[in-house]
file data35.cif (mmCIF, C-alpha atoms)
data_structure
loop_
_atom_site.label_atom_id
_atom_site.label_comp_id
_atom_site.auth_asym_id
_atom_site.auth_seq_id
_atom_site.Cartn_x
_atom_site.Cartn_y
_atom_site.Cartn_z
CA LEU P 16 145.92 99.29 40.11
CA ILE P 17 147.14 102.83 39.80
CA ALA P 18 150.29 104.21 38.25
CA LYS P 19 152.21 107.46 38.62
CA LYS P 20 153.32 107.46 34.97
CA ARG P 21 151.09 107.05 31.94
CA SER P 22 153.70 104.87 30.20
CA PHE P 23 153.66 102.43 33.12
CA LEU P 24 149.86 102.37 33.14
CA ARG P 25 149.83 101.55 29.40
CA ARG P 26 152.27 98.69 30.03
CA VAL P 27 150.09 97.30 32.83
CA HIS P 28 147.03 97.53 30.57
CA GLU P 29 148.96 95.59 27.92
CA LEU P 30 149.79 92.88 30.48
CA LEU P 31 146.13 92.63 31.44
CA ARG P 32 145.15 92.21 27.77
CA THR P 33 147.85 89.70 26.82
CA LYS P 34 147.93 87.86 30.19
CA GLU P 35 151.75 87.70 29.99
CA GLY P 36 153.62 88.75 33.10
CA ILE P 37 150.50 88.92 35.22
CA ALA P 38 148.85 86.27 37.36
CA LYS P 39 145.61 86.49 39.30
CA THR P 40 144.55 84.07 42.03
CA TYR P 41 141.08 83.87 43.52
CA SER P 42 139.86 82.02 46.60
CA ALA P 43 136.56 80.25 45.97
CA LEU P 44 134.40 78.45 48.50
CA VAL P 45 132.39 75.96 46.47
CA ALA P 46 129.49 73.66 47.31
CA GLY P 47 130.09 69.91 47.25
CA GLN P 48 133.03 67.55 46.94
CA TRP P 49 135.60 68.88 44.47
CA PRO P 50 136.13 66.20 41.79
CA GLY P 51 139.89 66.70 41.72
CA PHE P 52 140.25 68.71 38.52
CA THR P 53 143.47 70.73 38.35
CA GLN P 54 142.26 72.61 35.31
CA ILE P 55 139.11 73.10 33.28
CA ASN P 56 139.45 73.97 29.62
CA ASP P 57 135.80 74.33 28.55
CA PRO P 58 134.92 76.94 25.90
CA LEU P 59 132.60 79.69 27.14
CA HIS P 60 129.90 81.60 25.28
CA THR P 61 128.65 84.92 26.71
CA TRP P 62 125.51 86.80 25.72
CA VAL P 63 123.56 89.77 27.03
CA ARG P 64 119.97 89.32 28.16
CA SER P 65 117.33 91.88 27.20
CA GLY P 66 117.76 93.68 30.55
CA GLY P 67 121.52 94.05 30.00
CA GLU P 68 122.55 91.18 32.28
CA ARG P 69 125.54 89.19 31.02
CA MET P 70 125.30 85.40 31.11
CA THR P 71 127.89 82.77 30.26
CA ARG P 72 127.65 79.04 29.59
CA VAL P 73 129.89 76.23 28.43
CA ALA P 74 129.34 75.83 24.69
CA PRO P 75 131.27 74.09 21.89
CA ASP P 76 131.14 77.29 19.84
CA GLY P 77 132.40 79.42 22.77
CA LYS P 78 135.77 81.10 23.17
CA PRO P 79 138.69 79.05 24.54
CA SER P 80 138.76 79.36 28.34
CA LEU P 81 141.20 77.86 30.80
CA THR P 82 141.05 77.97 34.60
CA ARG P 83 143.57 76.21 36.82
CA PHE P 84 142.34 74.98 40.20
CA ARG P 85 144.07 73.85 43.39
CA LEU P 86 142.15 72.22 46.22
CA GLU P 87 143.16 73.94 49.46
CA ARG P 88 140.70 72.28 51.88
CA GLN P 89 137.83 69.87 51.50
CA GLY P 90 135.05 69.87 54.06
CA SER P 91 132.04 67.61 54.31
CA LEU P 92 129.77 70.00 52.36
CA MET P 93 132.13 72.54 50.80
CA ALA P 94 135.63 72.96 49.44
CA LEU P 95 138.07 75.85 49.37
CA LEU P 96 139.82 76.27 46.03
CA SER P 97 142.46 78.53 44.60
CA ALA P 98 141.41 79.44 41.07
CA MET P 99 143.83 80.90 38.55
CA PRO P 100 142.17 82.07 35.34
CA VAL P 101 144.57 81.81 32.40
CA THR P 102 142.09 83.43 30.04
CA GLY P 103 139.82 86.23 31.16
CA ARG P 104 136.28 85.39 30.11
CA THR P 105 133.14 86.78 31.72
CA HIS P 106 132.21 84.78 34.87
CA GLN P 107 134.86 82.20 33.92
CA ILE P 108 135.66 80.84 37.39
CA ARG P 109 132.00 80.73 38.38
CA VAL P 110 130.90 78.88 35.23
CA HIS P 111 133.82 76.43 35.25
CA ALA P 112 133.26 75.57 38.94
CA ALA P 113 129.50 75.14 38.40
CA GLY P 114 130.20 72.97 35.35
CA ALA P 115 132.36 70.73 37.55
CA GLY P 116 129.35 70.25 39.84
CA CYS P 117 130.65 72.58 42.56
CA PRO P 118 129.16 76.06 42.15
CA VAL P 119 130.60 78.99 44.08
CA ALA P 120 128.72 79.36 47.35
CA GLY P 121 126.44 82.39 47.39
CA ASP P 122 126.39 82.71 43.59
CA ASP P 123 122.80 83.61 42.73
CA LYS P 124 123.41 83.37 38.97
CA TYR P 125 125.18 80.01 38.58
CA GLY P 126 124.98 78.59 42.09
CA ASN P 127 122.92 76.21 44.14
CA PRO P 128 119.78 77.89 45.60
CA GLU P 129 119.57 75.46 48.55
CA THR P 130 123.21 76.03 49.56
CA ASN P 131 122.78 79.78 49.18
CA LEU P 132 119.67 79.74 51.39
CA GLU P 133 121.53 77.85 54.13
CA LEU P 134 124.42 80.34 53.92
CA ARG P 135 122.01 83.27 54.24
CA LYS P 136 120.44 81.65 57.32
CA SER P 137 123.90 81.54 58.89
CA GLY P 138 124.50 85.23 58.10
CA ILE P 139 126.59 84.85 54.95
CA ASN P 140 124.91 86.83 52.20
CA ARG P 141 127.60 87.27 49.58
CA MET P 142 129.28 85.28 46.86
CA MET P 143 132.26 83.35 48.25
CA LEU P 144 134.70 84.37 45.51
CA HIS P 145 137.61 86.58 46.53
CA ALA P 146 140.45 88.13 44.50
CA SER P 147 143.24 87.04 46.83
CA ARG P 148 146.45 87.69 44.89
CA LEU P 149 147.81 89.70 41.97
CA GLU P 150 151.32 89.16 40.69
CA LEU P 151 152.83 91.53 38.15
CA ASN P 152 156.23 91.00 36.54
CA LEU P 153 157.96 93.60 34.35
CA PRO P 154 161.47 92.24 33.82
CA GLU P 155 162.37 94.97 31.31
CA VAL P 156 162.31 97.52 34.13
CA GLY P 157 163.15 95.14 36.99
CA TYR P 158 159.73 95.57 38.59
CA ASN P 159 157.85 92.83 40.42
CA LEU P 160 154.66 93.35 42.40
CA ASP P 161 152.94 90.75 44.54
CA VAL P 162 149.78 91.99 46.25
CA GLN P 163 147.82 89.69 48.55
CA ALA P 164 144.47 90.47 50.13
CA PRO P 165 143.02 88.48 53.03
CA PRO P 166 139.34 87.52 52.78
CA GLU P 167 136.89 89.98 54.25
CA ALA P 168 135.08 89.13 57.49
CA ARG P 169 131.99 87.34 56.09
CA MET P 170 134.08 85.09 53.88
CA GLN P 171 136.54 84.42 56.68
CA ARG P 172 133.66 83.33 58.94
CA ALA P 173 132.54 80.87 56.26
CA LEU P 174 136.11 79.56 55.89
CA ASP P 175 136.44 79.15 59.65
CA ARG P 176 133.36 76.88 59.60
CA LEU P 177 134.75 74.71 56.80
CA ALA P 178 135.20 71.31 58.38
#

call {"tool": "encode", "arguments": {"input": "data35.cif", "output": "structure tokens"}}
result
Amino acid sequence: LIAKKRSFLRRVHELLRTKEGIAKTYSALVAGQWPGFTQINDPLHTWVRSGGERMTRVAPDGKPSLTRFRLERQGSLMALLSAMPVTGRTHQIRVHAAGAGCPVAGDDKYGNPETNLELRKSGINRMMLHASRLELNLPEVGYNLDVQAPPEARMQRALDRLA
């Protein structure tokens, strides 16, 4: 996001921090049969490996983390989900989906190596997670923004094959 006025930019930054008045939706192509969860509320713990790589896992001592999910399409081997993170933890959608037994396709960190190999063989060499929508609501100034982005070509090809 960009803003013409610094005051507006500060307000948007505040919305991003507090998560009030802003909603993000991601499209995720996941491996397997989605178990029907509409939300996952597992606490997440993040740490930094010696090389600087950030990792996250579900842990009882982790920070509260909530992701809402909606099943859009279920295929024989994969499912298309809409994922709406309520909190904003590192790798939240990826870890919650993997914890449900359906990792994001193409995710080399938390995903399924066999699924990822098959995707690469078919020409899909990216993670199948896409920021598809951003909604911003500033009622105090009467401003609403709803930005939607279609999936890029490689993800669209994978979605077209979802049967």

call {"tool": "closest_residue", "arguments": {"input": "data35.cif", "among": "P:His111, P:Arg135, P:Lys20, P:His145", "to": "Leu95 in chain P", "atoms": "all atoms listed in the file"}}
result
P:His145

call {"tool": "resolve_selection", "arguments": {"input": "data35.cif", "expression": "the PyMOL selection byres ((chain P and resi 123-128) around 8)", "output": "VMD selection string"}}
result
chain P and resid 46 109 to 110 113 118 to 122 129 to 132 142

call {"tool": "closest_atom_pairs", "arguments": {"input": "data35.cif", "of": "range 27-63 of chain P", "to": "range 71-78 of chain P", "cutoff": "7 Å", "atoms": "all atoms listed in the file", "output": "JSON lines"}}
result
{"residue": "P:Asp57", "atom": "CA", "partner": "P:Val73", "partner_atom": "CA", "distance": 6.2}
{"residue": "P:Pro58", "atom": "CA", "partner": "P:Gly77", "partner_atom": "CA", "distance": 4.7}
{"residue": "P:Leu59", "atom": "CA", "partner": "P:Gly77", "partner_atom": "CA", "distance": 4.4}
{"residue": "P:His60", "atom": "CA", "partner": "P:Gly77", "partner_atom": "CA", "distance": 4.2}
{"residue": "P:Thr61", "atom": "CA", "partner": "P:Thr71", "partner_atom": "CA", "distance": 4.2}
{"residue": "P:Trp62", "atom": "CA", "partner": "P:Thr71", "partner_atom": "CA", "distance": 6.5}

call {"tool": "atom_distance", "arguments": {"input": "data35.cif", "atom1": "CA of Lys39 in chain P", "atom2": "CA of Ile55 in chain P"}}
result
16.1 Å

call {"tool": "atom_distance", "arguments": {"input": "data35.cif", "atom1": "CA of Gln48 in chain P", "atom2": "CA of Ala115 in chain P"}}
result
9.9 Å

call {"tool": "residues_around", "arguments": {"input": "data35.cif", "residues": "Leu174 in chain P", "least_positions_apart": "6", "cutoff": "10 Å", "atoms": "only C-alpha atoms", "output": "JSON list (two decimals) with C-alpha atoms, in the frame of the given file"}}
result
[["chain", "number", "residue", "atom", "x", "y", "z"],
["P", 43, "ALA", "CA", 136.56, 80.25, 45.97],
["P", 44, "LEU", "CA", 134.40, 78.45, 48.50],
["P", 88, "ARG", "CA", 140.70, 72.28, 51.88],
["P", 90, "GLY", "CA", 135.05, 69.87, 54.06],
["P", 93, "MET", "CA", 132.13, 72.54, 50.80],
["P", 94, "ALA", "CA", 135.63, 72.96, 49.44],
["P", 95, "LEU", "CA", 138.07, 75.85, 49.37],
["P", 143, "MET", "CA", 132.26, 83.35, 48.25],
["P", 166, "PRO", "CA", 139.34, 87.52, 52.78],
["P", 168, "ALA", "CA", 135.08, 89.13, 57.49]]

call {"tool": "residues_around", "arguments": {"input": "data35.cif", "residues": "Arg85 in chain P", "least_positions_apart": "6", "cutoff": "9 Å", "atoms": "all atoms listed in the file", "output": "MDAnalysis selection string"}}
result
chainID P and resid 51:54 95:99

call {"tool": "closest_residue", "arguments": {"input": "data35.cif", "among": "P:Leu134, P:Ala112, P:Leu160, P:Leu81", "to": "Leu16 in chain P", "atoms": "all atoms listed in the file"}}
result
P:Leu160

call {"tool": "atom_distance", "arguments": {"input": "data35.cif", "atom1": "CA of Leu151 in chain P", "atom2": "CA of Gly114 in chain P"}}
result
29.4 Å

call {"tool": "axis_aligned_box", "arguments": {"input": "data35.cif", "around": "range 77-94 of chain P", "padding_each_side": "5 Å", "output": "lines of an AutoDock Vina configuration file"}}
result
center_x = 136.9
center_y = 74.4
center_z = 38.5
size_x = 24.3
size_y = 23.5
size_z = 41.5

call {"tool": "residues_around", "arguments": {"input": "data35.cif", "residues": "Pro154 in chain P", "least_positions_apart": "4", "cutoff": "10 Å", "atoms": "only C-alpha atoms", "output": "ChimeraX atom specification"}}
result
/P:36,158-159

call {"tool": "resolve_selection", "arguments": {"input": "data35.cif", "expression": "the PyMOL selection byres ((chain P and resi 38) around 10)", "output": "list in words"}}
result
Leu30, Leu31, Lys34, Glu35, Gly36, Ile37, Lys39, Thr40, Met99, Pro100, Val101, Arg148, Leu149, Glu150, Leu151, Asn152 and Asp161 of chain P
